[in-house]
file my_file11.pdb (PDB, C-alpha atoms, pLDDT in the B column)
ATOM      1  CA  MET A1347     -38.469 -21.235  21.460  1.00 49.00           C
ATOM      2  CA  ASP A1348     -38.543 -22.110  17.747  1.00 67.00           C
ATOM      3  CA  ASN A1349     -42.317 -22.197  17.874  1.00 86.00           C
ATOM      4  CA  THR A1350     -42.357 -18.740  19.473  1.00 90.00           C
ATOM      5  CA  VAL A1351     -39.994 -17.415  16.795  1.00 89.00           C
ATOM      6  CA  ASP A1352     -42.203 -18.893  14.071  1.00 89.00           C
ATOM      7  CA  GLN A1353     -45.257 -17.280  15.646  1.00 90.00           C
ATOM      8  CA  ALA A1354     -43.428 -13.926  15.832  1.00 89.00           C
ATOM      9  CA  LYS A1355     -42.471 -14.279  12.171  1.00 89.00           C
ATOM     10  CA  ASN A1356     -46.170 -14.687  11.452  1.00 90.00           C
ATOM     11  CA  GLY A1357     -46.917 -11.420  13.258  1.00 87.00           C
ATOM     12  CA  SER A1358     -48.032 -12.640  16.681  1.00 87.00           C
ATOM     13  CA  GLN A1359     -47.716  -9.786  19.169  1.00 88.00           C
ATOM     14  CA  LYS A1360     -47.945 -12.323  22.006  1.00 92.00           C
ATOM     15  CA  ALA A1361     -44.920 -14.160  20.587  1.00 91.00           C
ATOM     16  CA  PHE A1362     -42.988 -10.877  20.249  1.00 90.00           C
ATOM     17  CA  ALA A1363     -43.772 -10.104  23.888  1.00 91.00           C
ATOM     18  CA  LYS A1364     -42.620 -13.578  24.952  1.00 93.00           C
ATOM     19  CA  LEU A1365     -39.338 -13.276  23.027  1.00 93.00           C
ATOM     20  CA  TYR A1366     -38.766  -9.844  24.547  1.00 93.00           C
ATOM     21  CA  GLU A1367     -39.492 -11.103  28.052  1.00 94.00           C
ATOM     22  CA  ASP A1368     -37.334 -14.229  27.660  1.00 94.00           C
ATOM     23  CA  ASN A1369     -34.337 -12.335  26.295  1.00 94.00           C
ATOM     24  CA  TYR A1370     -34.514  -8.892  27.898  1.00 94.00           C
ATOM     25  CA  ASP A1371     -32.211  -9.604  30.861  1.00 94.00           C
ATOM     26  CA  ILE A1372     -29.382 -11.153  28.860  1.00 92.00           C
ATOM     27  CA  ILE A1373     -29.476  -8.410  26.211  1.00 93.00           C
ATOM     28  CA  GLN A1374     -29.644  -5.695  28.869  1.00 93.00           C
ATOM     29  CA  ARG A1375     -26.618  -7.160  30.715  1.00 91.00           C
ATOM     30  CA  LEU A1376     -24.652  -7.509  27.474  1.00 87.00           C
ATOM     31  CA  ILE A1377     -25.273  -3.908  26.460  1.00 88.00           C
ATOM     32  CA  LEU A1378     -24.631  -2.573  29.973  1.00 87.00           C
ATOM     33  CA  SER A1379     -21.298  -4.424  30.047  1.00 84.00           C
ATOM     34  CA  MET A1380     -20.335  -2.645  26.831  1.00 81.00           C
ATOM     35  CA  THR A1381     -21.611   0.856  27.614  1.00 80.00           C
ATOM     36  CA  LYS A1382     -21.342   1.081  31.416  1.00 81.00           C
ATOM     37  CA  ASN A1383     -24.193   3.606  31.217  1.00 83.00           C
ATOM     38  CA  LYS A1384     -27.718   2.691  32.379  1.00 85.00           C
ATOM     39  CA  ASP A1385     -29.528   5.403  30.390  1.00 84.00           C
ATOM     40  CA  VAL A1386     -27.733   4.553  27.172  1.00 86.00           C
ATOM     41  CA  THR A1387     -28.268   0.845  27.861  1.00 89.00           C
ATOM     42  CA  ASP A1388     -32.036   1.308  28.130  1.00 89.00           C
ATOM     43  CA  ASP A1389     -32.103   3.108  24.790  1.00 90.00           C
ATOM     44  CA  LEU A1390     -29.891   0.544  23.064  1.00 91.00           C
ATOM     45  CA  VAL A1391     -31.950  -2.364  24.405  1.00 92.00           C
ATOM     46  CA  SER A1392     -35.011  -0.767  22.815  1.00 91.00           C
ATOM     47  CA  VAL A1393     -33.133  -0.216  19.557  1.00 91.00           C
ATOM     48  CA  THR A1394     -31.915  -3.821  19.587  1.00 92.00           C
ATOM     49  CA  PHE A1395     -35.369  -5.328  20.016  1.00 92.00           C
ATOM     50  CA  THR A1396     -36.846  -2.918  17.478  1.00 91.00           C
ATOM     51  CA  LYS A1397     -34.234  -3.976  14.926  1.00 90.00           C
ATOM     52  CA  ALA A1398     -34.772  -7.644  15.749  1.00 90.00           C
ATOM     53  CA  PHE A1399     -38.535  -7.515  15.420  1.00 90.00           C
ATOM     54  CA  ARG A1400     -38.383  -5.365  12.298  1.00 89.00           C
ATOM     55  CA  THR A1401     -36.067  -7.899  10.634  1.00 88.00           C
ATOM     56  CA  ILE A1402     -37.312 -11.123  12.216  1.00 89.00           C
ATOM     57  CA  LEU A1403     -38.269 -12.473   8.807  1.00 88.00           C
ATOM     58  CA  ASN A1404     -34.536 -12.399   7.962  1.00 84.00           C
ATOM     59  CA  PHE A1405     -33.768 -14.643  10.946  1.00 85.00           C
ATOM     60  CA  LYS A1406     -32.515 -17.978   9.692  1.00 81.00           C
ATOM     61  CA  GLU A1407     -32.233 -20.802  12.123  1.00 77.00           C
ATOM     62  CA  ASP A1408     -28.545 -21.314  11.277  1.00 74.00           C
ATOM     63  CA  VAL A1409     -27.838 -19.881  14.730  1.00 77.00           C
ATOM     64  CA  PRO A1410     -29.914 -19.870  17.926  1.00 84.00           C
ATOM     65  CA  PHE A1411     -32.306 -16.933  18.258  1.00 88.00           C
ATOM     66  CA  LYS A1412     -30.557 -15.738  21.432  1.00 87.00           C
ATOM     67  CA  MET A1413     -27.209 -15.606  19.596  1.00 85.00           C
ATOM     68  CA  TRP A1414     -28.840 -13.698  16.719  1.00 87.00           C
ATOM     69  CA  LEU A1415     -30.167 -11.163  19.247  1.00 90.00           C
ATOM     70  CA  LYS A1416     -26.731 -10.871  20.855  1.00 87.00           C
ATOM     71  CA  ILE A1417     -25.190 -10.131  17.461  1.00 86.00           C
ATOM     72  CA  ILE A1418     -27.773  -7.407  16.868  1.00 88.00           C
ATOM     73  CA  ALA A1419     -27.131  -5.981  20.352  1.00 88.00           C
ATOM     74  CA  THR A1420     -23.356  -6.036  19.903  1.00 85.00           C
ATOM     75  CA  ASN A1421     -23.587  -4.386  16.491  1.00 84.00           C
ATOM     76  CA  THR A1422     -25.986  -1.780  17.887  1.00 85.00           C
ATOM     77  CA  CYS A1423     -23.483  -0.951  20.644  1.00 82.00           C
ATOM     78  CA  ILE A1424     -20.567  -0.838  18.239  1.00 80.00           C
ATOM     79  CA  ASP A1425     -22.516   1.464  15.915  1.00 79.00           C
ATOM     80  CA  PHE A1426     -23.416   3.713  18.836  1.00 81.00           C
ATOM     81  CA  ILE A1427     -19.869   3.871  20.206  1.00 76.00           C
ATOM     82  CA  ARG A1428     -18.435   4.568  16.757  1.00 73.00           C
ATOM     83  CA  ARG A1429     -21.030   7.283  16.138  1.00 74.00           C
ATOM     84  CA  MET A1430     -20.200   8.881  19.485  1.00 72.00           C
ATOM     85  CA  ALA A1431     -16.480   8.717  18.696  1.00 65.00           C
ATOM     86  CA  ARG A1432     -17.045  10.445  15.335  1.00 62.00           C
ATOM     87  CA  GLU A1433     -19.339  13.041  16.804  1.00 57.00           C
ATOM     88  CA  LYS A1434     -17.596  13.648  20.122  1.00 52.00           C
ATOM     89  CA  ASP A1435     -15.987  16.845  18.922  1.00 42.00           C
ATOM     90  CA  ASP A1436     -19.244  18.045  17.407  1.00 43.00           C
ATOM     91  CA  LEU A1437     -21.594  17.290  20.271  1.00 40.00           C
ATOM     92  CA  TYR A1438     -22.289  20.122  22.637  1.00 42.00           C
ATOM     93  CA  MET A1439     -24.955  20.541  25.199  1.00 42.00           C
ATOM     94  CA  GLU A1440     -26.269  23.978  26.130  1.00 39.00           C
ATOM     95  CA  GLU A1441     -27.274  24.034  29.752  1.00 39.00           C
ATOM     96  CA  GLU A1442     -27.890  27.223  31.718  1.00 40.00           C
ATOM     97  CA  GLY A1443     -25.680  29.218  29.388  1.00 43.00           C
ATOM     98  CA  VAL A1444     -22.735  26.846  29.746  1.00 42.00           C
ATOM     99  CA  THR A1445     -21.521  24.759  26.817  1.00 42.00           C
ATOM    100  CA  GLU A1446     -20.363  21.352  27.921  1.00 43.00           C
ATOM    101  CA  ALA A1447     -18.718  18.897  25.545  1.00 41.00           C
ATOM    102  CA  LEU A1448     -19.955  15.320  25.672  1.00 40.00           C
ATOM    103  CA  SER A1449     -17.275  12.691  25.585  1.00 41.00           C
ATOM    104  CA  ILE A1450     -17.208   9.136  24.337  1.00 42.00           C
ATOM    105  CA  SER A1451     -16.222   8.215  27.881  1.00 44.00           C
ATOM    106  CA  ASP A1452     -19.778   9.078  28.900  1.00 48.00           C
ATOM    107  CA  TYR A1453     -20.882   6.027  26.933  1.00 49.00           C
ATOM    108  CA  SER A1454     -18.124   3.488  27.203  1.00 52.00           C
ATOM    109  CA  THR A1455     -15.106   2.486  29.154  1.00 58.00           C
ATOM    110  CA  PRO A1456     -11.608   1.681  27.941  1.00 63.00           C
ATOM    111  CA  GLU A1457     -12.307  -1.940  28.846  1.00 62.00           C
ATOM    112  CA  SER A1458     -15.461  -2.146  26.742  1.00 58.00           C
ATOM    113  CA  GLU A1459     -13.764  -0.407  23.823  1.00 61.00           C
ATOM    114  CA  TYR A1460     -10.837  -2.849  24.109  1.00 61.00           C
ATOM    115  CA  ILE A1461     -13.157  -5.882  24.217  1.00 62.00           C
ATOM    116  CA  ILE A1462     -15.150  -4.656  21.237  1.00 62.00           C
ATOM    117  CA  ASN A1463     -11.981  -3.904  19.309  1.00 62.00           C
ATOM    118  CA  GLU A1464     -10.442  -7.302  20.137  1.00 65.00           C
ATOM    119  CA  ASP A1465     -13.635  -9.167  19.215  1.00 64.00           C
ATOM    120  CA  MET A1466     -13.971  -7.274  15.946  1.00 65.00           C
ATOM    121  CA  GLN A1467     -10.307  -7.822  15.073  1.00 68.00           C
ATOM    122  CA  SER A1468     -10.605 -11.511  15.839  1.00 70.00           C
ATOM    123  CA  LEU A1469     -13.761 -11.855  13.747  1.00 69.00           C
ATOM    124  CA  GLU A1470     -12.294  -9.813  10.883  1.00 69.00           C
ATOM    125  CA  LYS A1471      -9.131 -11.956  10.974  1.00 73.00           C
ATOM    126  CA  SER A1472     -11.182 -15.160  10.892  1.00 75.00           C
ATOM    127  CA  ILE A1473     -13.248 -13.903   7.980  1.00 76.00           C
ATOM    128  CA  SER A1474     -10.164 -12.681   6.101  1.00 75.00           C
ATOM    129  CA  GLU A1475      -8.712 -16.200   6.314  1.00 81.00           C
ATOM    130  CA  LEU A1476     -11.678 -17.578   4.380  1.00 81.00           C
ATOM    131  CA  GLY A1477     -11.526 -17.925   0.626  1.00 84.00           C
ATOM    132  CA  PHE A1478     -12.940 -15.206  -1.602  1.00 83.00           C
ATOM    133  CA  ARG A1479     -16.115 -17.141  -2.487  1.00 87.00           C
ATOM    134  CA  ALA A1480     -16.890 -17.945   1.174  1.00 86.00           C
ATOM    135  CA  ARG A1481     -16.419 -14.280   2.190  1.00 82.00           C
ATOM    136  CA  GLU A1482     -18.634 -13.187  -0.686  1.00 83.00           C
ATOM    137  CA  ILE A1483     -21.391 -15.638   0.255  1.00 85.00           C
ATOM    138  CA  LEU A1484     -21.248 -14.729   3.958  1.00 80.00           C
ATOM    139  CA  THR A1485     -21.474 -11.033   3.065  1.00 77.00           C
ATOM    140  CA  LEU A1486     -24.537 -11.612   0.916  1.00 78.00           C
ATOM    141  CA  ARG A1487     -26.165 -13.829   3.543  1.00 77.00           C
ATOM    142  CA  TYR A1488     -25.480 -12.034   6.801  1.00 70.00           C
ATOM    143  CA  LEU A1489     -24.796  -8.431   5.873  1.00 67.00           C
ATOM    144  CA  LYS A1490     -27.237  -8.044   3.006  1.00 69.00           C
ATOM    145  CA  GLY A1491     -29.833 -10.562   4.178  1.00 72.00           C
ATOM    146  CA  TYR A1492     -30.020 -12.526   0.909  1.00 78.00           C
ATOM    147  CA  SER A1493     -31.827 -15.853   0.899  1.00 85.00           C
ATOM    148  CA  TYR A1494     -29.985 -18.986  -0.168  1.00 87.00           C
ATOM    149  CA  LYS A1495     -31.898 -18.899  -3.443  1.00 90.00           C
ATOM    150  CA  SER A1496     -30.977 -15.241  -4.085  1.00 89.00           C
ATOM    151  CA  ILE A1497     -27.301 -15.963  -3.409  1.00 90.00           C
ATOM    152  CA  ALA A1498     -27.397 -18.987  -5.704  1.00 91.00           C
ATOM    153  CA  ASN A1499     -29.009 -16.936  -8.479  1.00 91.00           C
ATOM    154  CA  GLU A1500     -26.628 -14.012  -7.996  1.00 88.00           C
ATOM    155  CA  LEU A1501     -23.500 -16.156  -8.103  1.00 89.00           C
ATOM    156  CA  GLY A1502     -24.668 -18.874 -10.495  1.00 92.00           C
ATOM    157  CA  LEU A1503     -24.335 -21.633  -7.900  1.00 91.00           C
ATOM    158  CA  SER A1504     -26.692 -24.307  -6.661  1.00 93.00           C
ATOM    159  CA  ILE A1505     -28.502 -23.750  -3.358  1.00 91.00           C
ATOM    160  CA  GLY A1506     -26.696 -26.807  -1.950  1.00 92.00           C
ATOM    161  CA  THR A1507     -23.328 -25.275  -2.814  1.00 92.00           C
ATOM    162  CA  VAL A1508     -24.299 -22.012  -1.119  1.00 91.00           C
ATOM    163  CA  LYS A1509     -25.409 -23.886   2.017  1.00 90.00           C
ATOM    164  CA  SER A1510     -22.185 -25.867   1.997  1.00 91.00           C
ATOM    165  CA  TYR A1511     -20.043 -22.730   1.779  1.00 89.00           C
ATOM    166  CA  ILE A1512     -21.970 -21.114   4.641  1.00 86.00           C
ATOM    167  CA  SER A1513     -21.756 -24.212   6.810  1.00 86.00           C
ATOM    168  CA  LYS A1514     -18.024 -24.709   6.260  1.00 87.00           C
ATOM    169  CA  ALA A1515     -17.218 -21.011   6.719  1.00 83.00           C
ATOM    170  CA  THR A1516     -19.280 -20.777   9.896  1.00 80.00           C
ATOM    171  CA  LYS A1517     -17.541 -23.835  11.360  1.00 82.00           C
ATOM    172  CA  GLN A1518     -14.133 -22.419  10.448  1.00 81.00           C
ATOM    173  CA  ILE A1519     -14.950 -19.083  12.084  1.00 76.00           C
ATOM    174  CA  LYS A1520     -16.278 -20.778  15.228  1.00 73.00           C
ATOM    175  CA  LYS A1521     -13.032 -22.784  15.535  1.00 75.00           C
ATOM    176  CA  THR A1522     -10.938 -19.619  15.556  1.00 69.00           C
ATOM    177  CA  GLN A1523     -13.145 -17.678  17.969  1.00 59.00           C
TER     178      GLN A1523
END
call {"tool": "encode", "arguments": {"input": "my_file11.pdb", "output": "structure tokens"}}
result
Amino acid sequence: MDNTVDQAKNGSQKAFAKLYEDNYDIIQRLILSMTKNKDVTDDLVSVTFTKAFRTILNFKEDVPFKMWLKIIATNTCIDFIRRMAREKDDLYMEEEGVTEALSISDYSTPESEYIINEDMQSLEKSISELGFRAREILTLRYLKGYSYKSIANELGLSIGTVKSYISKATKQIKKTQ
């Protein structure tokens, strides 16, 4: 698949289509398991692949492409569920003169919210156990999309040191997950 990812990074529509086709089912099942709502799932699958293809140049082969897509899908679901939770009191639907409040339960289940919450707490705990420098580097790399070179320049470190921090931190997080 690496060749397909490289082709997609170079703008190949055929490669994008192949990545979509190869990964659609697993991403759709993941999102459906979190939302328990087919209509919402279809929308979030589209959002996930749009985000992935829009940011494919940021994909670093530190993790498998499928895992990278799953992270995007999970974050997309979490963002959606959080947005619905914030807006649940503000969302109203006018239908035939009747105002009906939409509920977060239309989009998730207690089980999916629990799983998301547990996974996020576990990940946050693992990250919080890292040293300051490792947390800082991971934030720049994975949340802000900095290249190794940009991180090295920003923090006054060598690229090798940055790679070492990322490798060690990733291994430590994987052990605790």
call {"tool": "closest_residue", "arguments": {"input": "my_file11.pdb", "among": "A:Ile1505, A:Ile1377, A:Ile1519, A:Ile1512", "to": "Tyr1488 of chain A", "atoms": "all atoms listed in the file"}}
result
A:Ile1512
call {"tool": "resolve_selection", "arguments": {"input": "my_file11.pdb", "expression": "the PyMOL selection byres ((chain A and resi 1484) around 12)", "output": "MDAnalysis selection string"}}
result
chainID A and resid 1473:1474 1476:1483 1485:1494 1497 1508:1516 1519
call {"tool": "atom_distance", "arguments": {"input": "my_file11.pdb", "atom1": "atom CA of Ser1468 of chain A", "atom2": "atom CA of Met1413 of chain A"}}
result
17.5 Å
call {"tool": "residues_around", "arguments": {"input": "my_file11.pdb", "residues": "Lys1364 of chain A", "least_positions_apart": "4", "cutoff": "8 Å", "atoms": "all atoms listed in the file", "output": "PyMOL selection string"}}
result
chain A and resi 1350+1360+1368
call {"tool": "resolve_selection", "arguments": {"input": "my_file11.pdb", "expression": "the PyMOL selection byres ((chain A and resi 1418) around 12)", "output": "number ranges by chain"}}
result
A: 1373, 1376-1377, 1390-1402, 1405, 1411-1417, 1419-1425, 1488-1489
call {"tool": "atom_distance", "arguments": {"input": "my_file11.pdb", "atom1": "atom CA of Val1351 of chain A", "atom2": "atom CA of Ala1498 of chain A"}}
result
25.8 Å
